[in-house]
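Chemist: This is entry_31.txt (compact mmCIF, C-alpha atoms).
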```txt
# COMPACT_ATOMS: atom_id res chain seq x y z
CA ASP A 13 -8.60 2.75 -25.23
CA THR A 14 -9.53 3.20 -21.56
CA GLY A 15 -6.08 4.16 -20.29
CA VAL A 16 -4.88 7.51 -18.99
CA SER A 17 -4.78 10.13 -21.73
CA GLN A 18 -2.92 13.43 -21.83
CA ASP A 19 -3.26 16.39 -24.12
CA PRO A 20 -1.30 17.80 -25.82
CA ARG A 21 1.49 15.29 -26.32
CA HIS A 22 3.95 18.01 -27.22
CA LYS A 23 4.01 21.72 -26.45
CA ILE A 24 6.58 24.28 -27.55
CA THR A 25 6.29 27.71 -26.04
CA LYS A 26 8.30 30.85 -25.55
CA ARG A 27 9.66 31.86 -22.19
CA GLY A 28 7.12 33.91 -20.25
CA GLN A 29 4.04 32.34 -21.82
CA ASN A 30 1.42 30.37 -19.91
CA VAL A 31 0.66 26.75 -20.78
CA THR A 32 -2.05 24.34 -19.67
CA PHE A 33 -2.03 20.56 -19.87
CA ARG A 34 -4.95 18.21 -19.50
CA CYS A 35 -5.12 14.70 -18.07
CA ASP A 36 -8.06 12.31 -18.34
CA PRO A 37 -7.68 9.45 -15.86
CA ILE A 38 -9.12 5.98 -16.05
CA SER A 39 -12.81 6.60 -15.43
CA GLU A 40 -13.33 4.79 -12.12
CA HIS A 41 -10.06 5.96 -10.57
CA ASN A 42 -10.39 8.34 -7.65
CA ARG A 43 -6.74 9.36 -7.35
CA LEU A 44 -4.81 11.43 -9.85
CA TYR A 45 -1.12 12.28 -9.70
CA TRP A 46 1.16 14.66 -11.58
CA TYR A 47 4.86 13.96 -12.01
CA ARG A 48 7.63 15.71 -13.90
CA GLN A 49 10.52 13.92 -15.60
CA THR A 50 13.65 15.57 -16.91
CA LEU A 51 16.32 13.96 -19.06
CA GLY A 52 18.25 11.24 -17.28
CA GLN A 53 16.04 11.36 -14.19
CA GLY A 54 13.13 9.37 -12.91
CA PRO A 55 9.69 10.93 -12.55
CA GLU A 56 9.42 13.42 -9.65
CA PHE A 57 6.18 13.83 -7.74
CA LEU A 58 4.43 17.19 -8.09
CA THR A 59 0.95 16.83 -6.62
CA TYR A 60 -1.99 14.49 -6.23
CA PHE A 61 -5.76 14.58 -5.88
CA GLN A 62 -8.23 12.30 -4.24
CA ASN A 63 -11.44 13.00 -6.08
CA GLU A 64 -11.52 16.80 -6.38
CA ALA A 65 -9.39 17.50 -3.29
CA GLN A 66 -5.73 18.34 -3.78
CA LEU A 67 -4.13 16.51 -0.85
CA GLU A 68 -0.42 17.00 -1.30
CA LYS A 69 1.95 19.31 -3.17
CA SER A 70 5.69 18.95 -3.60
CA ARG A 71 8.05 21.83 -2.88
CA LEU A 72 8.92 21.48 -6.58
CA LEU A 73 5.52 22.99 -7.34
CA SER A 74 6.30 26.69 -7.25
CA ASP A 75 3.71 29.45 -7.19
CA ARG A 76 3.76 29.49 -10.99
CA PHE A 77 2.24 26.01 -11.06
CA SER A 78 -1.39 25.30 -10.34
CA ALA A 79 -3.37 22.12 -10.70
CA GLU A 80 -7.08 21.52 -10.55
CA ARG A 81 -9.40 18.58 -10.73
CA PRO A 82 -12.93 19.94 -10.95
CA LYS A 83 -15.66 17.41 -10.17
CA GLY A 84 -13.02 14.77 -9.53
CA SER A 85 -12.72 13.80 -13.17
CA PHE A 86 -10.10 15.27 -15.53
CA SER A 87 -7.28 17.44 -14.25
CA THR A 88 -5.40 20.43 -15.60
CA LEU A 89 -1.89 21.58 -14.81
CA GLU A 90 -1.11 25.20 -15.61
CA ILE A 91 2.32 26.77 -15.66
CA GLN A 92 2.41 30.55 -15.67
CA ARG A 93 5.33 32.65 -16.94
CA THR A 94 7.20 29.59 -18.18
CA GLU A 95 10.95 29.39 -17.75
CA GLN A 96 13.48 27.30 -19.65
CA GLY A 97 13.92 25.15 -16.56
CA ASP A 98 10.29 24.07 -16.90
CA SER A 99 11.19 22.07 -20.01
CA ALA A 100 10.39 18.47 -19.12
CA MET A 101 7.98 15.60 -19.62
CA TYR A 102 4.85 16.06 -17.50
CA LEU A 103 3.31 12.74 -16.57
CA CYS A 104 -0.14 12.09 -15.18
CA ALA A 105 -1.10 8.91 -13.37
CA SER A 106 -4.29 7.63 -11.83
CA SER A 107 -5.20 4.91 -9.39
CA LEU A 108 -8.14 3.44 -7.55
CA ARG A 109 -7.62 3.87 -3.86
CA ALA A 110 -9.05 0.85 -2.06
CA SER A 111 -9.12 0.86 1.70
CA GLY A 112 -6.10 -0.77 3.29
CA GLU A 113 -4.30 -1.29 0.02
CA VAL A 114 -1.51 0.48 -1.79
CA ASP A 115 -2.75 1.26 -5.25
CA GLU A 116 -0.97 0.69 -8.54
CA GLN A 117 -0.56 3.90 -10.50
CA PHE A 118 -1.30 3.84 -14.21
CA PHE A 119 0.59 6.44 -16.21
CA GLY A 120 -0.38 8.37 -19.29
CA PRO A 121 2.00 8.96 -22.21
CA GLY A 122 3.02 12.38 -20.93
CA THR A 123 3.16 15.91 -22.32
CA ARG A 124 6.59 17.03 -23.44
CA LEU A 125 7.08 20.75 -22.81
CA THR A 126 9.85 22.70 -24.50
CA VAL A 127 10.37 26.31 -23.41
CA LEU A 128 12.43 28.35 -25.84
CA ASP B 26 19.21 13.87 -1.94
CA GLN B 27 18.43 10.70 -3.87
CA GLN B 28 16.28 8.50 -1.66
CA VAL B 29 16.06 5.79 -4.32
CA LYS B 30 19.23 4.94 -6.20
CA GLN B 31 19.78 2.87 -9.29
CA ASN B 32 23.54 2.92 -9.68
CA SER B 33 23.73 1.15 -13.02
CA PRO B 34 22.59 3.43 -15.86
CA SER B 35 22.64 0.54 -18.31
CA LEU B 36 22.74 -3.24 -18.52
CA SER B 37 23.20 -5.49 -21.51
CA VAL B 38 22.36 -9.22 -21.51
CA GLN B 39 21.91 -12.01 -24.00
CA GLU B 40 18.49 -13.34 -24.85
CA GLY B 41 17.58 -16.28 -22.64
CA ARG B 42 19.92 -15.27 -19.81
CA ILE B 43 19.00 -13.67 -16.51
CA SER B 44 18.76 -9.89 -16.12
CA ILE B 45 19.32 -8.51 -12.63
CA LEU B 46 18.49 -4.88 -11.96
CA ASN B 47 19.41 -3.39 -8.61
CA CYS B 48 17.99 -0.62 -6.47
CA ASP B 49 19.01 0.86 -3.12
CA TYR B 50 17.04 3.17 -0.88
CA THR B 51 17.85 5.35 2.10
CA ASN B 52 14.46 6.21 3.60
CA SER B 53 13.55 3.62 6.24
CA MET B 54 9.93 4.81 6.10
CA PHE B 55 9.46 3.27 2.66
CA ASP B 56 7.23 0.23 2.98
CA TYR B 57 6.14 -0.50 -0.57
CA PHE B 58 8.31 -0.90 -3.62
CA LEU B 59 7.47 -1.06 -7.29
CA TRP B 60 9.18 -1.60 -10.61
CA TYR B 61 8.04 0.21 -13.72
CA LYS B 62 9.12 -0.35 -17.30
CA LYS B 63 9.26 2.50 -19.79
CA TYR B 64 9.50 2.38 -23.57
CA PRO B 65 10.42 5.53 -25.53
CA ALA B 66 7.52 7.96 -26.08
CA GLU B 67 5.33 6.10 -23.58
CA GLY B 68 4.54 6.55 -19.93
CA PRO B 69 5.91 4.09 -17.34
CA THR B 70 4.08 0.77 -17.12
CA PHE B 71 3.70 -1.06 -13.81
CA LEU B 72 5.58 -4.34 -13.71
CA ILE B 73 5.68 -5.81 -10.22
CA SER B 74 5.60 -4.68 -6.61
CA ILE B 75 6.50 -5.89 -3.13
CA SER B 76 5.42 -4.93 0.34
CA SER B 77 7.98 -4.56 3.10
CA ILE B 78 6.42 -7.49 4.96
CA LYS B 79 7.64 -9.80 2.21
CA ASP B 80 11.10 -10.59 0.90
CA LYS B 81 10.11 -12.01 -2.47
CA ASN B 82 7.34 -11.61 -5.02
CA GLU B 83 7.11 -13.51 -8.27
CA ASP B 84 5.05 -12.92 -11.39
CA GLY B 85 5.88 -15.08 -14.35
CA ARG B 86 9.37 -14.27 -15.58
CA PHE B 87 9.73 -11.40 -13.10
CA THR B 88 10.79 -11.74 -9.47
CA VAL B 89 11.51 -8.95 -7.04
CA PHE B 90 13.64 -9.55 -3.96
CA LEU B 91 13.69 -7.21 -0.97
CA ASN B 92 16.46 -7.08 1.66
CA LYS B 93 15.21 -4.62 4.27
CA SER B 94 18.31 -4.75 6.44
CA ALA B 95 20.46 -3.75 3.47
CA LYS B 96 17.80 -1.38 2.09
CA HIS B 97 18.21 -3.11 -1.24
CA LEU B 98 15.90 -4.63 -3.80
CA SER B 99 16.48 -6.33 -7.08
CA LEU B 100 14.43 -7.33 -10.11
CA HIS B 101 15.23 -10.62 -11.81
CA ILE B 102 14.00 -11.33 -15.32
CA VAL B 103 14.35 -14.95 -16.42
CA PRO B 104 14.62 -15.68 -19.26
CA SER B 105 15.30 -12.29 -20.77
CA GLN B 106 13.67 -11.51 -24.12
CA PRO B 107 14.45 -8.78 -26.67
CA GLY B 108 11.04 -7.21 -25.94
CA ASP B 109 12.21 -6.60 -22.38
CA SER B 110 14.59 -3.94 -23.69
CA ALA B 111 13.42 -0.74 -21.98
CA VAL B 112 14.26 1.60 -19.13
CA TYR B 113 13.38 0.13 -15.74
CA PHE B 114 12.54 2.39 -12.82
CA CYS B 115 12.55 1.39 -9.20
CA ALA B 116 10.04 3.33 -7.08
CA ALA B 117 9.16 3.43 -3.41
CA SER B 118 6.29 4.68 -1.31
CA GLU B 119 5.81 5.44 2.37
CA GLY B 120 2.20 4.32 2.11
CA GLY B 121 0.04 5.59 4.94
CA GLY B 122 -2.51 6.99 2.53
CA SER B 123 -0.42 9.05 0.12
CA GLU B 124 1.32 6.52 -2.07
CA LYS B 125 3.26 9.23 -3.84
CA LEU B 126 6.08 7.43 -5.57
CA VAL B 127 9.78 8.27 -5.27
CA PHE B 128 11.62 7.03 -8.34
CA GLY B 129 15.22 6.14 -9.08
CA LYS B 130 16.94 7.43 -12.21
CA GLY B 131 16.36 4.22 -14.11
CA THR B 132 18.43 1.48 -15.70
CA LYS B 133 18.36 0.97 -19.45
CA LEU B 134 18.19 -2.76 -20.19
CA THR B 135 19.20 -4.05 -23.60
CA VAL B 136 18.52 -7.70 -24.39
CA ASN B 137 20.50 -8.83 -27.41
CA PRO B 138 19.11 -11.58 -29.67
```
The structure given in the file should be rewritten as structure tokens.
Modeler:
Amino acid sequence: DTGVSQDPRHKITKRGQNVTFRCDPISEHNRLYWYRQTLGQGPEFLTYFQNEAQLEKSRLLSDRFSAERPKGSFSTLEIQRTEQGDSAMYLCASSLRASGEVDEQFFGPGTRLTVL
Amino acid sequence: DQQVKQNSPSLSVQEGRISILNCDYTNSMFDYFLWYKKYPAEGPTFLISISSIKDKNEDGRFTVFLNKSAKHLSLHIVPSQPGDSAVYFCAASEGGGSEKLVFGKGTKLTVNP
């Protein structure tokens, strides 16, 4: 399967713990996005990378959140000192940015985080 | 402030009939619109898109209509099939290099056999 993959699919943690999620995009895609989805809502943009550069961050991404994309391949999203309000589905998407075109984003299955 | 609104949380139609899903937006800077379909336990899957320079785009059973003056778009599915049962999200982008998507809350479509 050459789609976007995310690991783990589910994570249960206690409040105050740190968690890290991984996303592997489609191999030739140069853009990678992170979104968060809570119950009854659509996905909300968190941040995106073009290659290894993080180009935009939402105000939703507090100081406890950090994302990296070393070498422009896979990406990690870390949440420090988790809070119950962080419980959500974290979605990763990737796309191939072609000049002059708006790119279709392909989503992974998501990581469901539950903070107890 | 919801920039993309899907005011119908759910829609139920009979197999073979037309499904019409609606979406309104408030940000006049949006210039690209997309529909995604989502099954339980899966990520959203791209369905169809439309640029603001067009008012209609068709792909098989799916057609998206855009009314820029009303800031409204709709997705028509004809004929509807039971496998179309899913949550449908409307999304919009300002383009200009970012393409970050702003999503609505979704409409759950149920197609009854």
Chemist: Separation of CA of Lys83 (chain A) and CA of Glu64 (chain A), in Å?
Modeler: 5.6 Å
Chemist: Distance CA of Gly131 (chain B)-CA of Lys79 (chain B), one decimal place?
Modeler: 23.2 Å
Chemist: Compile the residues of chain B that lie within 12 Å of chain A, evaluated using only C-alpha atoms, and express the compilation as a PyMOL selection string.
Modeler: chain B and resi 27-31+34-35+56-77+112-133
Chemist: With C-alpha atoms kept, could you save the residues just selected as a compact mmCIF listing (two decimals), in the frame of the given file?
Modeler:
```txt
# COMPACT_ATOMS: atom_id res chain seq x y z
CA GLN B 27 18.43 10.70 -3.87
CA GLN B 28 16.28 8.50 -1.66
CA VAL B 29 16.06 5.79 -4.32
CA LYS B 30 19.23 4.94 -6.20
CA GLN B 31 19.78 2.87 -9.29
CA PRO B 34 22.59 3.43 -15.86
CA SER B 35 22.64 0.54 -18.31
CA ASP B 56 7.23 0.23 2.98
CA TYR B 57 6.14 -0.50 -0.57
CA PHE B 58 8.31 -0.90 -3.62
CA LEU B 59 7.47 -1.06 -7.29
CA TRP B 60 9.18 -1.60 -10.61
CA TYR B 61 8.04 0.21 -13.72
CA LYS B 62 9.12 -0.35 -17.30
CA LYS B 63 9.26 2.50 -19.79
CA TYR B 64 9.50 2.38 -23.57
CA PRO B 65 10.42 5.53 -25.53
CA ALA B 66 7.52 7.96 -26.08
CA GLU B 67 5.33 6.10 -23.58
CA GLY B 68 4.54 6.55 -19.93
CA PRO B 69 5.91 4.09 -17.34
CA THR B 70 4.08 0.77 -17.12
CA PHE B 71 3.70 -1.06 -13.81
CA LEU B 72 5.58 -4.34 -13.71
CA ILE B 73 5.68 -5.81 -10.22
CA SER B 74 5.60 -4.68 -6.61
CA ILE B 75 6.50 -5.89 -3.13
CA SER B 76 5.42 -4.93 0.34
CA SER B 77 7.98 -4.56 3.10
CA VAL B 112 14.26 1.60 -19.13
CA TYR B 113 13.38 0.13 -15.74
CA PHE B 114 12.54 2.39 -12.82
CA CYS B 115 12.55 1.39 -9.20
CA ALA B 116 10.04 3.33 -7.08
CA ALA B 117 9.16 3.43 -3.41
CA SER B 118 6.29 4.68 -1.31
CA GLU B 119 5.81 5.44 2.37
CA GLY B 120 2.20 4.32 2.11
CA GLY B 121 0.04 5.59 4.94
CA GLY B 122 -2.51 6.99 2.53
CA SER B 123 -0.42 9.05 0.12
CA GLU B 124 1.32 6.52 -2.07
CA LYS B 125 3.26 9.23 -3.84
CA LEU B 126 6.08 7.43 -5.57
CA VAL B 127 9.78 8.27 -5.27
CA PHE B 128 11.62 7.03 -8.34
CA GLY B 129 15.22 6.14 -9.08
CA LYS B 130 16.94 7.43 -12.21
CA GLY B 131 16.36 4.22 -14.11
CA THR B 132 18.43 1.48 -15.70
CA LYS B 133 18.36 0.97 -19.45
```
Chemist: In Å, rounded to a single decimal, give me how far CA of Asp75 (chain A) is from CA of Thr32 (chain A).
Modeler: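 These atoms are spaced 14.7 Å apart.
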Chemist: Go through B:Leu134, B:Val38, B:Ser33, B:Ser44 one by one, measure the shortest atom-to-atom distance of each to Leu100 (chain B) using only C-alpha atoms, and give the residue with the smallest value.
Modeler: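 Closest to Leu100 (chain B), using only C-alpha atoms: B:Ser44.
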Chemist: Check the smallest atom-to-atom distance from each of A:Ser17, A:Gln29, A:Lys23, A:Leu44 to Ser85 (chain A) using all atoms listed in the file, then report the winner.
Modeler: A:Leu44
Chemist: Using 4 Å of padding on each side, determine the axis-aligned box around all atoms of region 64-81 of chain B present in the file and give its centre and edge lengths in Å to one decimal, as lines of an AutoDock Vina configuration file.
Modeler:
```
center_x = 7.4
center_y = -2.0
center_z = -10.6
size_x = 15.4
size_y = 28.0
size_z = 39.0
```
Chemist: Could you check which of A:Leu125, A:Leu73, A:Ala79, A:Arg27 is closest to Glu95 (chain A), using all atoms listed in the file?
Modeler: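 Ranked by minimum distance to Glu95 (chain A), first place goes to A:Arg27.
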Chemist: Taking (11.8, -10.5, -7.9) in the file's coordinates as the center, which residues reach within 9 Å of it, counting all atoms listed in the file, put as a PDB file with C-alpha atoms, in the coordinates of the input?
Modeler:
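Ended up saving to part.pdb:
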```pdb
ATOM      1  CA  ILE B  73       5.680  -5.810 -10.220  1.00  0.00           C
ATOM      2  CA  SER B  74       5.600  -4.680  -6.610  1.00  0.00           C
ATOM      3  CA  ILE B  75       6.500  -5.890  -3.130  1.00  0.00           C
ATOM      4  CA  ASP B  80      11.100 -10.590   0.900  1.00  0.00           C
ATOM      5  CA  LYS B  81      10.110 -12.010  -2.470  1.00  0.00           C
ATOM      6  CA  ASN B  82       7.340 -11.610  -5.020  1.00  0.00           C
ATOM      7  CA  GLU B  83       7.110 -13.510  -8.270  1.00  0.00           C
ATOM      8  CA  ASP B  84       5.050 -12.920 -11.390  1.00  0.00           C
ATOM      9  CA  ARG B  86       9.370 -14.270 -15.580  1.00  0.00           C
ATOM     10  CA  PHE B  87       9.730 -11.400 -13.100  1.00  0.00           C
ATOM     11  CA  THR B  88      10.790 -11.740  -9.470  1.00  0.00           C
ATOM     12  CA  VAL B  89      11.510  -8.950  -7.040  1.00  0.00           C
ATOM     13  CA  PHE B  90      13.640  -9.550  -3.960  1.00  0.00           C
ATOM     14  CA  LEU B  91      13.690  -7.210  -0.970  1.00  0.00           C
ATOM     15  CA  LEU B  98      15.900  -4.630  -3.800  1.00  0.00           C
ATOM     16  CA  SER B  99      16.480  -6.330  -7.080  1.00  0.00           C
ATOM     17  CA  LEU B 100      14.430  -7.330 -10.110  1.00  0.00           C
ATOM     18  CA  HIS B 101      15.230 -10.620 -11.810  1.00  0.00           C
ATOM     19  CA  ILE B 102      14.000 -11.330 -15.320  1.00  0.00           C
TER      20      ILE B 102
END
```
Chemist: Restricting the calculation to only C-alpha atoms, which member of A:Ser87, A:Thr25, A:Ser78, A:Thr94 is positioned closest to Leu128 (chain A)?
Modeler: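 Smallest separation from Leu128 (chain A) among the options: A:Thr25.
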Chemist: Can you pull out the residues contacting His97 (chain B)? Cut-off 8 Å, using only C-alpha atoms, and skip same-chain residues under 4 positions away; I want them as a list in words.
Modeler: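 Contacts, in chain order: Asn47, Cys48, Asp49, Tyr50, Leu91, Asn92 and Lys93 of chain B.
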Chemist: Supply region 56-88 of chain B as an mmCIF file, in the frame of the given file, with N, CA and C atoms built in where the input has gaps.
Modeler:
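Ended up saving to result39.cif:
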```cif
data_model
loop_
_atom_site.group_PDB
_atom_site.id
_atom_site.type_symbol
_atom_site.label_atom_id
_atom_site.label_comp_id
_atom_site.auth_asym_id
_atom_site.auth_seq_id
_atom_site.Cartn_x
_atom_site.Cartn_y
_atom_site.Cartn_z
ATOM 1 N N ASP B 56 7.751 1.552 2.643
ATOM 2 C CA ASP B 56 7.230 0.230 2.980
ATOM 3 C C ASP B 56 6.597 -0.479 1.791
ATOM 4 N N TYR B 57 6.702 0.130 0.626
ATOM 5 C CA TYR B 57 6.140 -0.500 -0.570
ATOM 6 C C TYR B 57 7.033 -0.121 -1.731
ATOM 7 N N PHE B 58 7.354 -1.117 -2.548
ATOM 8 C CA PHE B 58 8.310 -0.900 -3.620
ATOM 9 C C PHE B 58 7.739 -1.422 -4.930
ATOM 10 N N LEU B 59 8.029 -0.705 -5.994
ATOM 11 C CA LEU B 59 7.470 -1.060 -7.290
ATOM 12 C C LEU B 59 8.547 -0.961 -8.362
ATOM 13 N N TRP B 60 8.363 -1.735 -9.406
ATOM 14 C CA TRP B 60 9.180 -1.600 -10.610
ATOM 15 C C TRP B 60 8.278 -1.212 -11.772
ATOM 16 N N TYR B 61 8.731 -0.222 -12.524
ATOM 17 C CA TYR B 61 8.040 0.210 -13.720
ATOM 18 C C TYR B 61 8.978 0.048 -14.904
ATOM 19 N N LYS B 62 8.376 -0.219 -16.045
ATOM 20 C CA LYS B 62 9.120 -0.350 -17.300
ATOM 21 C C LYS B 62 8.675 0.794 -18.206
ATOM 22 N N LYS B 63 9.619 1.383 -18.927
ATOM 23 C CA LYS B 63 9.260 2.500 -19.790
ATOM 24 C C LYS B 63 9.900 2.343 -21.162
ATOM 25 N N TYR B 64 9.030 2.345 -22.185
ATOM 26 C CA TYR B 64 9.500 2.380 -23.570
ATOM 27 C C TYR B 64 9.543 3.849 -24.010
ATOM 28 N N PRO B 65 10.361 4.163 -25.011
ATOM 29 C CA PRO B 65 10.420 5.530 -25.530
ATOM 30 C C PRO B 65 9.047 6.027 -25.955
ATOM 31 N N ALA B 66 8.766 7.279 -25.674
ATOM 32 C CA ALA B 66 7.520 7.960 -26.080
ATOM 33 C C ALA B 66 6.280 7.377 -25.397
ATOM 34 N N GLU B 67 6.465 6.595 -24.338
ATOM 35 C CA GLU B 67 5.330 6.100 -23.580
ATOM 36 C C GLU B 67 5.520 6.414 -22.109
ATOM 37 N N GLY B 68 4.417 6.388 -21.358
ATOM 38 C CA GLY B 68 4.540 6.550 -19.930
ATOM 39 C C GLY B 68 5.013 5.248 -19.280
ATOM 40 N N PRO B 69 5.486 5.313 -18.034
ATOM 41 C CA PRO B 69 5.910 4.090 -17.340
ATOM 42 C C PRO B 69 4.745 3.115 -17.190
ATOM 43 N N THR B 70 5.073 1.831 -17.275
ATOM 44 C CA THR B 70 4.080 0.770 -17.120
ATOM 45 C C THR B 70 4.452 -0.056 -15.898
ATOM 46 N N PHE B 71 3.472 -0.271 -15.023
ATOM 47 C CA PHE B 71 3.700 -1.060 -13.810
ATOM 48 C C PHE B 71 4.099 -2.491 -14.173
ATOM 49 N N LEU B 72 5.093 -2.990 -13.443
ATOM 50 C CA LEU B 72 5.580 -4.340 -13.710
ATOM 51 C C LEU B 72 5.302 -5.276 -12.537
ATOM 52 N N ILE B 73 5.808 -4.941 -11.385
ATOM 53 C CA ILE B 73 5.680 -5.810 -10.220
ATOM 54 C C ILE B 73 5.946 -4.976 -8.976
ATOM 55 N N SER B 74 5.398 -5.420 -7.845
ATOM 56 C CA SER B 74 5.600 -4.680 -6.610
ATOM 57 C C SER B 74 5.851 -5.640 -5.454
ATOM 58 N N ILE B 75 6.285 -5.081 -4.330
ATOM 59 C CA ILE B 75 6.500 -5.890 -3.130
ATOM 60 C C ILE B 75 6.288 -5.018 -1.902
ATOM 61 N N SER B 76 5.616 -5.588 -0.939
ATOM 62 C CA SER B 76 5.420 -4.930 0.340
ATOM 63 C C SER B 76 6.593 -5.241 1.248
ATOM 64 N N SER B 77 6.842 -4.356 2.205
ATOM 65 C CA SER B 77 7.980 -4.560 3.100
ATOM 66 C C SER B 77 7.807 -5.746 4.038
ATOM 67 N N ILE B 78 6.610 -6.317 4.098
ATOM 68 C CA ILE B 78 6.420 -7.490 4.960
ATOM 69 C C ILE B 78 6.844 -8.773 4.250
ATOM 70 N N LYS B 79 7.196 -8.640 2.969
ATOM 71 C CA LYS B 79 7.640 -9.800 2.210
ATOM 72 C C LYS B 79 9.104 -9.627 1.806
ATOM 73 N N ASP B 80 9.741 -10.725 1.425
ATOM 74 C CA ASP B 80 11.100 -10.590 0.900
ATOM 75 C C ASP B 80 11.202 -11.053 -0.555
ATOM 76 N N LYS B 81 10.095 -11.546 -1.094
ATOM 77 C CA LYS B 81 10.110 -12.010 -2.470
ATOM 78 C C LYS B 81 8.700 -11.953 -3.042
ATOM 79 N N ASN B 82 8.618 -11.552 -4.311
ATOM 80 C CA ASN B 82 7.340 -11.610 -5.020
ATOM 81 C C ASN B 82 7.636 -12.005 -6.456
ATOM 82 N N GLU B 83 6.838 -12.944 -6.950
ATOM 83 C CA GLU B 83 7.110 -13.510 -8.270
ATOM 84 C C GLU B 83 5.885 -13.356 -9.155
ATOM 85 N N ASP B 84 6.128 -13.011 -10.415
ATOM 86 C CA ASP B 84 5.050 -12.920 -11.390
ATOM 87 C C ASP B 84 5.605 -13.324 -12.743
ATOM 88 N N GLY B 85 5.379 -14.592 -13.077
ATOM 89 C CA GLY B 85 5.880 -15.080 -14.350
ATOM 90 C C GLY B 85 7.389 -15.038 -14.419
ATOM 91 N N ARG B 86 7.906 -14.352 -15.417
ATOM 92 C CA ARG B 86 9.370 -14.270 -15.580
ATOM 93 C C ARG B 86 10.016 -13.250 -14.652
ATOM 94 N N PHE B 87 9.219 -12.508 -13.922
ATOM 95 C CA PHE B 87 9.730 -11.400 -13.100
ATOM 96 C C PHE B 87 9.639 -11.750 -11.611
ATOM 97 N N THR B 88 10.747 -11.542 -10.918
ATOM 98 C CA THR B 88 10.790 -11.740 -9.470
ATOM 99 C C THR B 88 11.474 -10.552 -8.837
#
```
